[in-house]
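J.: Here you go, structure.cif (mmCIF, C-alpha atoms):
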```cif
data_run
loop_
_atom_site.label_atom_id
_atom_site.label_comp_id
_atom_site.auth_asym_id
_atom_site.auth_seq_id
_atom_site.Cartn_x
_atom_site.Cartn_y
_atom_site.Cartn_z
CA MET A 1 48.04 64.62 216.70
CA SER A 2 51.07 62.70 215.59
CA ILE A 3 54.64 63.53 216.45
CA VAL A 4 55.57 63.81 212.77
CA LYS A 5 52.84 66.36 212.23
CA GLU A 6 54.09 68.46 215.16
CA PHE A 7 57.56 68.37 213.67
CA THR A 8 56.67 69.20 210.07
CA LYS A 9 54.24 72.04 210.81
CA GLY A 10 57.20 74.27 211.67
CA LEU A 11 58.88 73.59 208.36
CA TRP A 12 56.23 75.05 206.07
CA LYS A 13 52.68 75.45 207.34
CA GLU A 14 53.66 77.51 210.38
CA ILE A 15 57.23 78.45 209.42
CA PRO A 16 58.06 81.09 212.06
CA PRO A 17 59.26 84.29 210.35
CA PHE A 18 57.37 83.90 207.08
CA ARG A 19 54.02 82.46 208.22
CA LEU A 20 53.71 83.28 211.90
CA VAL A 21 55.72 86.48 211.30
CA LEU A 22 57.34 85.99 214.73
CA GLY A 23 60.96 86.50 215.72
CA LEU A 24 61.54 89.31 213.25
CA CYS A 25 64.24 91.08 215.26
CA PRO A 26 67.00 88.54 214.49
CA THR A 27 65.44 87.80 211.10
CA LEU A 28 66.06 91.36 209.99
CA ALA A 29 69.23 92.07 211.91
CA VAL A 30 71.56 89.12 211.49
CA THR A 31 70.86 87.95 207.95
CA LYS A 32 73.62 89.86 206.21
CA THR A 33 75.19 86.58 205.17
CA ALA A 34 73.86 83.05 204.90
CA SER A 35 76.29 81.73 207.50
CA ASP A 36 75.26 84.38 210.06
CA GLY A 37 71.63 83.42 209.55
CA MET A 38 72.47 79.77 209.96
CA GLY A 39 74.49 80.38 213.14
CA MET A 40 71.65 82.37 214.65
CA GLY A 41 69.25 79.62 213.66
CA ALA A 42 71.43 76.96 215.29
CA ALA A 43 71.47 78.95 218.54
CA VAL A 44 67.68 79.26 218.40
CA ILE A 45 67.23 75.51 217.72
CA PHE A 46 69.32 74.73 220.80
CA VAL A 47 67.39 77.11 223.04
CA LEU A 48 63.97 76.27 221.63
CA VAL A 49 64.27 72.47 221.85
CA LEU A 50 65.72 72.53 225.36
CA SER A 51 63.30 75.16 226.67
CA ASN A 52 60.36 73.20 225.24
CA VAL A 53 61.62 69.97 226.82
CA ILE A 54 62.34 71.50 230.23
CA ILE A 55 59.09 73.45 230.35
CA SER A 56 57.16 70.37 229.33
CA LEU A 57 58.87 68.38 232.08
CA VAL A 58 57.97 70.86 234.81
CA ARG A 59 54.62 71.96 233.35
CA LYS A 60 52.62 70.20 236.07
CA ILE A 61 54.43 71.80 239.02
CA ILE A 62 54.49 75.37 237.69
CA PRO A 63 51.72 77.43 239.30
CA LYS A 64 49.58 79.20 236.70
CA LYS A 65 50.18 82.69 238.12
CA VAL A 66 53.99 82.64 237.83
CA ARG A 67 54.28 80.58 234.67
CA ILE A 68 55.63 83.40 232.47
CA ALA A 69 58.33 84.20 235.03
CA CYS A 70 59.31 80.51 235.15
CA PHE A 71 59.44 80.26 231.35
CA ILE A 72 61.62 83.34 231.09
CA VAL A 73 64.04 82.12 233.79
CA ILE A 74 64.43 78.83 231.93
CA ALA A 75 64.84 80.49 228.52
CA ALA A 76 67.29 83.07 229.89
CA SER A 77 69.49 80.40 231.49
CA LEU A 78 69.60 78.49 228.21
CA VAL A 79 70.48 81.61 226.27
CA VAL A 80 73.33 82.46 228.63
CA SER A 81 74.58 78.88 228.22
CA VAL A 82 74.51 79.29 224.44
CA GLU A 83 76.36 82.57 224.74
CA LEU A 84 79.09 81.01 226.89
CA LEU A 85 79.44 77.96 224.66
CA MET A 86 79.56 80.12 221.55
CA GLN A 87 82.29 82.28 223.05
CA ALA A 88 84.24 79.20 224.02
CA TYR A 89 83.96 77.24 220.79
CA ALA A 90 82.80 79.54 217.96
CA TYR A 91 84.23 82.96 218.74
CA PRO A 92 84.03 84.45 215.20
CA LEU A 93 80.31 83.61 215.08
CA TYR A 94 79.88 85.25 218.49
CA GLN A 95 81.62 88.37 217.17
CA SER A 96 79.36 88.62 214.13
CA LEU A 97 76.09 87.92 216.01
CA GLY A 98 77.01 90.27 218.86
CA ILE A 99 74.12 91.59 220.91
CA PHE A 100 71.56 89.40 219.13
CA VAL A 101 72.58 86.26 221.03
CA PRO A 102 71.42 87.56 224.43
CA LEU A 103 68.34 88.95 222.70
CA ILE A 104 67.15 85.40 221.92
CA VAL A 105 65.59 85.55 225.41
CA VAL A 106 62.99 88.01 224.22
CA ASN A 107 62.47 86.27 220.89
CA CYS A 108 58.72 85.74 220.58
CA ILE A 109 59.16 82.22 219.24
CA ILE A 110 60.70 80.93 222.49
CA LEU A 111 58.01 82.26 224.81
CA GLY A 112 55.33 81.68 222.17
CA ARG A 113 56.07 77.98 221.83
CA ALA A 114 56.45 77.61 225.60
CA GLU A 115 53.05 79.17 226.31
CA ALA A 116 51.16 77.81 223.31
CA PHE A 117 52.60 74.32 223.13
CA ALA A 118 55.12 73.06 225.69
CA ALA A 119 53.04 74.05 228.70
CA LYS A 120 50.19 71.81 227.52
CA ASN A 121 51.87 68.87 225.81
CA PRO A 122 54.07 65.89 226.74
CA VAL A 123 57.85 65.99 226.44
CA LEU A 124 58.35 64.20 223.13
CA MET A 125 55.68 66.25 221.37
CA SER A 126 57.22 69.45 222.72
CA ALA A 127 60.68 68.41 221.57
CA ALA A 128 59.32 67.70 218.06
CA ASP A 129 57.52 71.04 218.02
CA GLY A 130 60.65 72.90 219.13
CA LEU A 131 62.88 71.10 216.66
CA GLY A 132 60.49 71.70 213.77
CA MET A 133 60.01 75.37 214.59
CA GLY A 134 63.74 75.80 215.13
CA ILE A 135 64.64 74.18 211.83
CA GLY A 136 61.98 76.23 210.04
CA PHE A 137 63.41 79.38 211.60
CA THR A 138 66.95 78.38 210.60
CA LEU A 139 65.92 77.60 207.02
CA SER A 140 64.16 80.97 206.75
CA LEU A 141 67.13 82.89 208.13
CA THR A 142 69.59 81.02 205.93
CA PHE A 143 67.41 81.62 202.87
CA LEU A 144 67.02 85.33 203.59
CA GLY A 145 70.73 85.60 204.42
CA ALA A 146 71.65 83.80 201.20
CA LEU A 147 69.47 86.15 199.13
CA ARG A 148 70.98 89.24 200.71
CA GLU A 149 74.53 87.88 200.52
CA ILE A 150 74.21 86.90 196.85
CA PHE A 151 72.99 90.32 195.75
CA GLY A 152 74.73 92.43 198.38
CA TYR A 153 78.21 90.89 198.26
CA GLY A 154 78.01 88.64 195.19
CA LYS A 155 78.89 85.68 197.40
CA LEU A 156 77.24 82.63 198.95
CA PHE A 157 78.64 81.20 202.21
CA GLY A 158 81.73 83.31 201.56
CA SER A 159 82.55 82.04 198.05
CA ALA A 160 81.93 84.16 194.96
CA VAL A 161 78.96 83.19 192.77
CA PHE A 162 79.24 85.80 190.01
CA GLY A 163 82.19 86.75 187.86
CA PRO A 164 84.49 89.64 188.80
CA ALA A 165 82.38 91.97 186.62
CA PHE A 166 79.49 91.80 189.15
CA LYS A 167 78.89 95.05 190.95
CA PRO A 168 77.40 94.36 194.42
CA PHE A 169 73.99 95.83 195.16
CA THR A 170 75.01 97.08 198.63
CA PHE A 171 71.47 98.21 199.47
CA MET A 172 70.65 94.56 200.15
CA VAL A 173 73.05 94.21 203.08
CA GLU A 174 71.95 97.48 204.67
CA ALA A 175 68.99 97.55 207.09
CA PRO A 176 66.37 98.62 204.47
CA GLY A 177 67.39 95.70 202.26
CA ALA A 178 66.28 93.32 205.01
CA PHE A 179 62.80 94.85 205.14
CA VAL A 180 62.41 94.86 201.36
CA CYS A 181 63.56 91.24 201.06
CA LEU A 182 61.29 90.07 203.87
CA GLY A 183 58.35 91.91 202.30
CA LEU A 184 58.96 90.31 198.92
CA ILE A 185 59.24 86.84 200.48
CA LEU A 186 55.99 87.33 202.44
CA ALA A 187 54.27 88.52 199.26
CA ALA A 188 55.52 85.48 197.37
CA MET A 189 54.34 83.15 200.16
CA ASN A 190 50.89 84.77 200.10
CA TYR A 191 50.67 84.57 196.33
CA LEU A 192 51.67 80.90 196.38
CA ALA A 193 49.10 80.09 199.08
CA ILE A 194 46.30 81.86 197.18
CA TRP A 195 47.23 80.05 193.99
CA GLN A 196 47.28 76.72 195.85
CA SER A 197 43.86 77.19 197.43
CA LYS A 198 42.38 78.29 194.10
CA ARG A 199 43.73 75.17 192.46
CA ALA A 200 42.32 72.99 195.21
CA GLY A 201 38.93 74.63 194.71
CA LEU A 202 38.90 76.34 198.12
CA PRO A 203 37.47 79.81 198.60
CA GLU A 204 40.06 82.53 198.07
CA PRO A 205 41.41 83.65 201.48
CA ALA A 206 39.89 86.93 202.55
CA ILE A 207 42.00 90.05 202.84
CA ALA A 208 42.57 91.19 206.42
CA ALA A 209 42.19 94.93 206.08
CA SER A 210 43.94 95.73 209.36
CA CYS A 211 47.05 93.83 208.29
CA GLY A 212 47.72 95.76 205.12
CA GLY A 213 46.02 93.24 202.87
CA CYS A 214 47.91 90.20 204.16
CA ARG A 215 46.02 86.95 203.75
CA ALA A 216 48.24 84.67 205.84
CA CYS A 217 45.71 84.15 208.65
CA ALA A 218 42.78 83.62 206.33
CA ILE A 219 44.69 80.90 204.50
CA GLY A 220 44.82 78.87 207.69
CA GLU A 221 41.10 79.48 208.36
CA SER A 222 39.88 78.44 204.94
CA LYS A 223 41.89 75.22 205.21
CA GLN A 224 40.45 74.50 208.64
CA ILE A 225 36.91 74.97 207.34
CA VAL A 226 37.52 72.38 204.64
CA GLU A 227 39.41 69.95 206.88
CA GLY A 228 36.85 70.27 209.68
CA MET B 1 48.13 80.89 251.37
CA ARG B 2 49.08 77.41 250.13
CA GLU B 3 49.11 78.76 246.60
CA LEU B 4 51.34 81.65 247.59
CA ILE B 5 53.90 79.37 249.24
CA ASN B 6 53.75 77.04 246.29
CA MET B 7 54.50 79.92 243.90
CA ILE B 8 57.46 81.12 245.95
CA VAL B 9 58.92 77.64 246.34
CA VAL B 10 58.64 76.69 242.67
CA LEU B 11 60.04 79.93 241.33
CA SER B 12 62.92 79.87 243.84
CA LEU B 13 63.70 76.26 242.98
CA ILE B 14 63.78 76.97 239.24
CA SER B 15 65.90 80.11 239.68
CA GLY B 16 68.27 78.29 242.04
CA ALA B 17 68.74 75.40 239.63
CA SER B 18 69.39 77.86 236.79
CA GLY B 19 71.91 79.78 238.85
CA LEU B 20 73.78 76.66 239.89
CA SER B 21 74.03 75.24 236.39
CA LEU B 22 75.10 78.60 234.93
CA ALA B 23 77.80 79.03 237.56
CA TYR B 24 79.10 75.56 236.74
CA LEU B 25 79.06 76.27 233.00
CA LYS B 26 80.76 79.64 233.45
CA ASP B 27 83.51 77.98 235.40
CA MET B 28 83.89 75.24 232.80
CA THR B 29 84.10 77.60 229.81
CA ALA B 30 86.38 80.21 231.43
CA LYS B 31 89.56 78.64 230.07
CA PRO B 32 88.46 78.07 226.43
CA ILE B 33 86.94 81.57 226.31
CA GLU B 34 90.21 83.11 227.45
CA ASP B 35 92.06 81.19 224.73
CA GLN B 36 89.58 82.25 222.06
CA VAL B 37 89.79 85.92 223.05
CA LEU B 38 93.58 85.71 222.95
CA PHE B 39 93.50 84.10 219.53
CA TYR B 40 90.85 86.27 217.86
CA VAL B 41 91.16 89.62 219.65
CA GLN B 42 94.67 90.09 221.03
CA GLY B 43 96.46 87.87 218.49
CA PRO B 44 95.73 90.01 215.40
CA ALA B 45 96.59 93.23 217.28
CA LEU B 46 99.91 91.74 218.41
CA LYS B 47 100.66 90.64 214.84
CA ALA B 48 100.07 94.18 213.62
CA VAL B 49 102.41 95.69 216.20
CA PHE B 50 105.16 93.06 215.84
CA PRO B 51 104.98 91.61 212.33
CA ASP B 52 108.56 90.29 212.57
CA ALA B 53 108.47 88.52 215.96
CA GLU B 54 110.36 85.24 215.83
CA ASN B 55 108.51 83.61 218.70
CA ASP B 56 104.83 83.22 219.37
CA PRO B 57 104.00 85.99 221.87
CA LEU B 58 100.62 84.39 222.60
CA ALA B 59 102.09 81.04 223.59
CA ASP B 60 104.91 82.57 225.64
CA ARG B 61 102.68 84.92 227.64
CA LYS B 62 103.03 85.13 231.41
CA LYS B 63 100.94 86.62 234.14
CA PHE B 64 102.36 89.09 236.63
CA ASP B 65 100.80 90.44 239.80
CA THR B 66 100.52 94.19 240.14
CA ALA B 67 98.77 96.46 242.59
CA ASP B 68 95.68 96.45 240.30
CA GLY B 69 95.48 92.71 239.81
CA ALA B 70 97.10 90.26 237.41
CA VAL B 71 98.44 91.54 234.07
CA THR B 72 99.29 89.36 231.10
CA VAL B 73 102.59 90.22 229.40
CA PHE B 74 103.42 89.05 225.88
CA PRO B 75 107.16 88.76 225.18
CA VAL B 76 108.61 89.35 221.70
CA LYS B 77 111.94 87.74 220.91
CA LYS B 78 114.42 88.02 218.10
CA GLY B 79 117.42 85.71 217.87
CA GLY B 80 116.47 84.16 221.21
CA LYS B 81 116.69 87.49 223.05
CA LEU B 82 113.83 89.46 224.54
CA THR B 83 113.53 92.62 222.43
CA ALA B 84 110.10 93.91 223.38
CA VAL B 85 107.07 93.22 225.53
CA ALA B 86 103.42 93.94 224.88
CA LEU B 87 100.59 94.37 227.35
CA GLU B 88 96.97 95.33 227.15
CA ALA B 89 95.44 98.29 228.96
CA PHE B 90 92.12 100.08 228.77
CA GLY B 91 91.15 103.73 228.47
CA PRO B 92 87.66 105.27 228.54
CA GLY B 93 86.24 105.86 225.05
CA TYR B 94 82.99 107.23 223.71
CA GLY B 95 81.19 103.88 223.78
CA GLY B 96 82.82 102.02 226.65
CA ASP B 97 86.44 101.16 227.31
CA ILE B 98 88.95 100.99 224.47
CA GLY B 99 91.40 98.10 224.78
CA VAL B 100 94.89 98.80 223.47
CA ILE B 101 97.82 96.42 223.07
CA VAL B 102 100.93 98.48 223.75
CA GLY B 103 104.30 97.26 222.52
CA ILE B 104 107.37 98.52 224.38
CA ASP B 105 110.92 98.15 223.13
CA VAL B 106 112.91 96.87 226.10
CA ALA B 107 116.40 98.06 225.02
CA LYS B 108 115.51 101.52 223.72
CA ASN B 109 112.76 102.21 226.28
CA THR B 110 110.44 103.48 223.55
CA LEU B 111 107.03 102.51 222.26
CA ALA B 112 107.20 99.86 219.57
CA GLY B 113 103.63 100.54 218.48
CA ILE B 114 100.02 100.13 219.54
CA GLY B 115 97.14 98.01 218.30
CA VAL B 116 93.49 98.30 219.27
CA THR B 117 91.78 95.14 220.56
CA THR B 118 88.26 96.08 221.63
CA LEU B 119 86.28 99.23 221.01
CA LYS B 120 82.71 100.37 220.31
CA GLU B 121 83.30 103.84 218.91
CA THR B 122 81.28 105.78 216.33
CA PRO B 123 81.89 104.42 212.82
CA GLY B 124 83.72 106.96 210.66
CA LEU B 125 84.84 109.06 213.65
CA GLY B 126 86.09 107.29 216.77
CA MET B 127 86.57 104.05 214.85
CA ARG B 128 89.34 105.78 212.93
CA VAL B 129 91.73 105.27 215.88
CA THR B 130 92.18 101.78 214.42
CA GLU B 131 93.71 103.24 211.24
CA ALA B 132 97.43 102.85 210.64
CA LYS B 133 97.81 106.57 209.97
CA TYR B 134 96.81 107.37 213.56
CA GLN B 135 98.51 104.41 215.23
CA LYS B 136 101.92 104.80 213.62
CA GLN B 137 102.34 108.15 215.41
CA PHE B 138 102.98 106.18 218.59
CA LYS B 139 105.89 104.28 217.14
CA GLY B 140 109.27 105.27 218.61
CA LEU B 141 107.89 107.70 221.21
CA ALA B 142 109.85 107.95 224.45
CA LEU B 143 107.92 106.39 227.31
CA ASP B 144 107.33 109.65 229.20
CA LYS B 145 106.36 111.67 226.09
CA VAL B 146 103.09 110.00 225.11
CA GLY B 147 100.34 112.61 224.84
CA LEU B 148 98.03 114.37 222.41
CA SER B 149 99.50 117.38 220.59
CA GLY B 150 96.91 119.65 222.25
CA LYS B 151 98.30 118.66 225.65
CA GLY B 152 102.01 118.91 225.11
CA GLY B 153 102.54 115.59 223.35
CA THR B 154 103.17 114.78 219.72
CA VAL B 155 100.21 112.59 218.80
CA ASP B 156 97.67 114.33 216.56
CA ALA B 157 94.14 113.31 217.59
CA VAL B 158 91.75 111.99 214.96
CA SER B 159 89.69 115.03 214.01
CA GLY B 160 86.20 114.88 215.47
CA ALA B 161 87.21 112.05 217.80
CA THR B 162 89.03 113.67 220.70
CA ILE B 163 87.45 111.36 223.27
CA SER B 164 88.45 108.20 221.42
CA SER B 165 91.95 109.54 220.81
CA THR B 166 92.34 110.48 224.46
CA GLY B 167 91.14 107.00 225.38
CA THR B 168 93.90 105.33 223.39
CA VAL B 169 96.52 107.67 224.84
CA THR B 170 95.24 107.01 228.37
CA ALA B 171 95.41 103.28 227.73
CA ALA B 172 98.95 103.58 226.36
CA ASN B 173 100.08 105.56 229.42
CA LYS B 174 98.45 103.03 231.74
CA ALA B 175 100.32 100.23 230.00
CA ILE B 176 103.56 102.21 230.35
CA GLU B 177 102.93 102.66 234.09
CA ILE B 178 102.38 98.93 234.49
CA TYR B 179 105.50 98.24 232.44
CA LYS B 180 107.61 100.54 234.61
CA SER B 181 106.41 98.88 237.79
CA LEU B 182 107.01 95.41 236.38
CA LYS B 183 110.34 96.12 234.70
CA PRO B 184 112.62 94.60 237.38
CA LYS B 185 110.62 91.37 237.29
CA LEU B 186 110.44 91.15 233.51
CA GLU B 187 114.09 90.78 232.67
CA GLY B 188 114.66 87.39 234.23
CA ALA B 189 111.22 86.05 233.43
CA PHE B 190 111.45 85.34 229.70
#
```
So that I can check it, write out the structure of this file as structure tokens.
T.:
Amino acid sequence: MSIVKEFTKGLWKEIPPFRLVLGLCPTLAVTKTASDGMGMGAAVIFVLVLSNVIISLVRKIIPKKVRIACFIVIAASLVVSVELLMQAYAYPLYQSLGIFVPLIVVNCIILGRAEAFAAKNPVLMSAADGLGMGIGFTLSLTFLGALREIFGYGKLFGSAVFGPAFKPFTFMVEAPGAFVCLGLILAAMNYLAIWQSKRAGLPEPAIAASCGGCRACAIGESKQIVEG
Amino acid sequence: MRELINMIVVLSLISGASGLSLAYLKDMTAKPIEDQVLFYVQGPALKAVFPDAENDPLADRKKFDTADGAVTVFPVKKGGKLTAVALEAFGPGYGGDIGVIVGIDVAKNTLAGIGVTTLKETPGLGMRVTEAKYQKQFKGLALDKVGLSGKGGTVDAVSGATISSTGTVTAANKAIEIYKSLKPKLEGAF
């Protein structure tokens, strides 16, 4: 278990919204533009790294029975701090993210990383894990936001990418557009993973019937079999 | 028993530390947040009501004490003389309070116009109180004649959005009340 490995796993192998399929509420709701996605991601990086570090620091004194309550108190305080700082120094971003900033508290990634990683690992490892996961989350949100902004508004980070003749495909910036985009990205990730494991001579990941034919979990398993 | 005490102590300590640090942060960011709200929320509304102000109403603002707490008054000057003042008041809307910047012409004792600062109304219905067509009806009204046309006034409510329209009128009348009570103090202040 190296620190580099903990950091990089969040960037591709366990990239939160696309591989773990966690934290979908902000992923779908605030990716109308690339810069909104990036701002949300930055807020999540801040909360995730600090909550991982703090929880890792106090992991030995937290009694098992009240650990979830402790994690939530820590995460909630950090989120309120982010909200205050954002209002004080980045008000337009606060206006466009709206209710989704306070909702970071209930983002599965925060509690998920706290319970699955920070509560069992030393501080530096937890910081690397939080940073990697946070950056992976930010990249995903920025990518999804960029896709929707390009086709929905004909812009990228606010500047036009097509000529004036482009007619925006407004469906993409509406709520259904987010679901369709996310579905296409997940499908592409699955396809890529299947192609990769075929090329490496691994068994094709099995289809999980209960998950609508998604193979994301099986990809991890078949790799573990070979690595182990 | 030991475990129980341990649980209570740890959770209280963590909550206490969180509360303390948040209180400190809240105190620290109060000033920048106020500035940002002025710049991004009240600034544009003021600009819309007084496009030809020669001073910066935001920079020249002053606080006055009233019976209901402190009120911020934005002065508008032309040729070095105070021509109008603006203040913000709130009226109940369909989705929470509607904040309205009300401009009052000091010499003529009429409304100079209104601009909406904060609202969470229904898109397409209540949100239409932000449209110029609705807001320009307030311009030039005498201070005691602000009301919806259904209730003896002259302002036509946005159709389908009586609550939101009433909210803006209530806010305007509240601002007028505050203005009347502050009037003696205002003249020398700017």
J.: Hey, what's within 7 Å of Leu87 (chain B) if we count all atoms listed in the file and toss same-chain stuff fewer than 4 positions away? As a ChimeraX atom specification, please?
T.: /B:72-74,101-103,175
J.: For this file, the PyMOL selection byres ((chain B) within 10 of (chain A)) selects which residues, as a PyMOL selection string?
T.: chain B and resi 3-4+6-15+17-19+21-23+25-26+28-37+39-41
J.: Pick from B:Leu46, B:Leu82, B:Leu20, B:Ala161: nearest to Thr122 (chain B), with all atoms listed in the file counted?
T.: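 Closest candidate: B:Ala161.
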J.: Tell me which residues the PyMOL selection byres ((chain B and resi 126) around 12) grabs here, as number ranges by chain.
T.: B: 93-96, 98, 116, 119-125, 127-131, 134, 157-168
J.: For CA of Gly136 (chain A) and CA of Ile15 (chain A), determine how far apart the two atoms are, in Å to one decimal place.
T.: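 These two atoms are separated by 5.3 Å.
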J.: Using all atoms listed in the file, which protein or nucleic acid residues come within 10 Å of Asp68 (chain B)? Drop anything in the same chain fewer than 3 positions from it, and give the result as an NGL selection string.
T.: :B and (65 or 71 or 178)
J.: For those residues, write C-alpha atoms to a file as an mmCIF file, in the frame of the given file.
T.:
```cif
data_model
loop_
_atom_site.group_PDB
_atom_site.id
_atom_site.type_symbol
_atom_site.label_atom_id
_atom_site.label_comp_id
_atom_site.auth_asym_id
_atom_site.auth_seq_id
_atom_site.Cartn_x
_atom_site.Cartn_y
_atom_site.Cartn_z
ATOM 1 C CA ASP B 65 100.800 90.440 239.800
ATOM 2 C CA VAL B 71 98.440 91.540 234.070
ATOM 3 C CA ILE B 178 102.380 98.930 234.490
#
```
J.: What is the distance between CA of Glu177 (chain B) and CA of Ala84 (chain B), in Å to one decimal?
T.: 15.6 Å
J.: Which residues are near Val105 (chain A)? Cut-off 12 Å, only C-alpha atoms, ignore same chain within fewer than 3 positions. Put them as a ChimeraX atom specification.
T.: /A:23,25-26,43-44,47-48,51,71-83,99-102,108-112
J.: Mind checking which residues fall within 10 Å of Arg19 (chain A), counting only C-alpha atoms, ignoring those fewer than 2 positions away in the same chain, and posting them as a list of chain:residue names?
T.: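 Counting only the stated atoms, we get A:Gly10, A:Trp12, A:Lys13, A:Glu14, A:Ile15, A:Pro16, A:Pro17, A:Val21, A:Leu22, A:Leu186, A:Met189, A:Asn190, A:Ala216, A:Cys217, A:Gly220.
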J.: Could you name the residues that touch region 152-163 of chain A at 6 Å or less, counting only C-alpha atoms, but leaving out those on the same chain fewer than 3 positions away, as a list in words?
T.: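 Once the nearby chain positions are removed, what remains is Ala34, Ser35, Arg148, Glu149, Phe166, Pro168, Phe169, Thr170, Met172 and Val173 of chain A.
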J.: Write the residues of the selection above to a file with C-alpha atoms, as a short mmCIF file (atom, residue, chain, number, x, y, z; two decimals), in the coordinates of the input.
T.:
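The new file selection.cif reads:
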```
data_model
loop_
_atom_site.label_atom_id
_atom_site.label_comp_id
_atom_site.auth_asym_id
_atom_site.auth_seq_id
_atom_site.Cartn_x
_atom_site.Cartn_y
_atom_site.Cartn_z
CA ALA A 34 73.86 83.05 204.90
CA SER A 35 76.29 81.73 207.50
CA ARG A 148 70.98 89.24 200.71
CA GLU A 149 74.53 87.88 200.52
CA PHE A 166 79.49 91.80 189.15
CA PRO A 168 77.40 94.36 194.42
CA PHE A 169 73.99 95.83 195.16
CA THR A 170 75.01 97.08 198.63
CA MET A 172 70.65 94.56 200.15
CA VAL A 173 73.05 94.21 203.08
#
```
J.: Given the choices A:Ser2, A:Asn107, A:Asn52, A:Thr31, which gets closest to Thr138 (chain A) if the distance is worked out from all atoms listed in the file?
T.: A:Thr31
J.: Using all atoms listed in the file, can you list as a PyMOL selection string the residues within 10 Å of (112.3, 104.8, 219.9)?
T.: chain B and resi 104-105+107-113+138-143
J.: Could you jot down the CA of Ile45 (chain A) to CA of Phe7 (chain A) separation for me, Å, one decimal place?
T.: 12.7 Å
J.: Name the residues that the PyMOL selection byres ((chain B and resi 58) around 8) picks from the file above, as a list in words, using the file's chain letters and numbers.
T.: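 Selected by the PyMOL selection byres ((chain B and resi 58) around 8) here: Leu38, Phe39, Gly43, Asp56, Pro57, Ala59, Asp60, Arg61 and Phe74 of chain B.
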J.: Could you tell me which of B:Val146, B:Leu182, B:Ala67, B:Val76 comes closest to Glu54 (chain B) if we count all atoms listed in the file?
T.: B:Val76
J.: Would you compute the box with edges along x, y and z of the file around region 122-137 of chain B, including every atom the file lists for it and 8 Å extra on each side, and give its centre and edge lengths in Å to one decimal, as JSON?
T.:
```
{"center_x": 91.8, "center_y": 105.4, "center_z": 213.4, "size_x": 37.1, "size_y": 23.3, "size_z": 22.8}
```
J.: Which of these, B:Lys78, B:Thr66, B:Thr170, B:Pro92, has the shortest distance to Asp52 (chain B) once you count all atoms listed in the file?
T.: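 Of B:Lys78, B:Thr66, B:Thr170, B:Pro92, the one nearest Asp52 (chain B), counting all atoms listed in the file, is B:Lys78.
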J.: Rebuild region 161-172 of chain B to N, CA and C atoms - output it as a compact mmCIF listing (two decimals), in the frame of the given file, please.
T.:
```
# COMPACT_ATOMS: atom_id res chain seq x y z
N ALA B 161 87.24 113.21 216.91
CA ALA B 161 87.21 112.05 217.80
C ALA B 161 88.21 112.24 218.93
N THR B 162 88.08 113.39 219.62
CA THR B 162 89.03 113.67 220.70
C THR B 162 88.90 112.66 221.83
N ILE B 163 87.65 112.28 222.14
CA ILE B 163 87.45 111.36 223.27
C ILE B 163 88.10 110.02 222.98
N SER B 164 87.87 109.50 221.78
CA SER B 164 88.45 108.20 221.42
C SER B 164 89.97 108.29 221.39
N SER B 165 90.50 109.39 220.86
CA SER B 165 91.95 109.54 220.81
C SER B 165 92.53 109.61 222.21
N THR B 166 91.87 110.39 223.08
CA THR B 166 92.34 110.48 224.46
C THR B 166 92.30 109.11 225.13
N GLY B 167 91.25 108.33 224.81
CA GLY B 167 91.14 107.00 225.38
C GLY B 167 92.32 106.12 225.03
N THR B 168 92.76 106.16 223.76
CA THR B 168 93.90 105.33 223.39
C THR B 168 95.17 105.82 224.07
N VAL B 169 95.33 107.14 224.18
CA VAL B 169 96.52 107.67 224.84
C VAL B 169 96.53 107.30 226.32
N THR B 170 95.34 107.40 226.96
CA THR B 170 95.24 107.01 228.37
C THR B 170 95.62 105.55 228.54
N ALA B 171 95.11 104.71 227.64
CA ALA B 171 95.41 103.28 227.73
C ALA B 171 96.91 103.05 227.56
N ALA B 172 97.52 103.75 226.59
CA ALA B 172 98.95 103.58 226.36
C ALA B 172 99.74 103.98 227.60
```
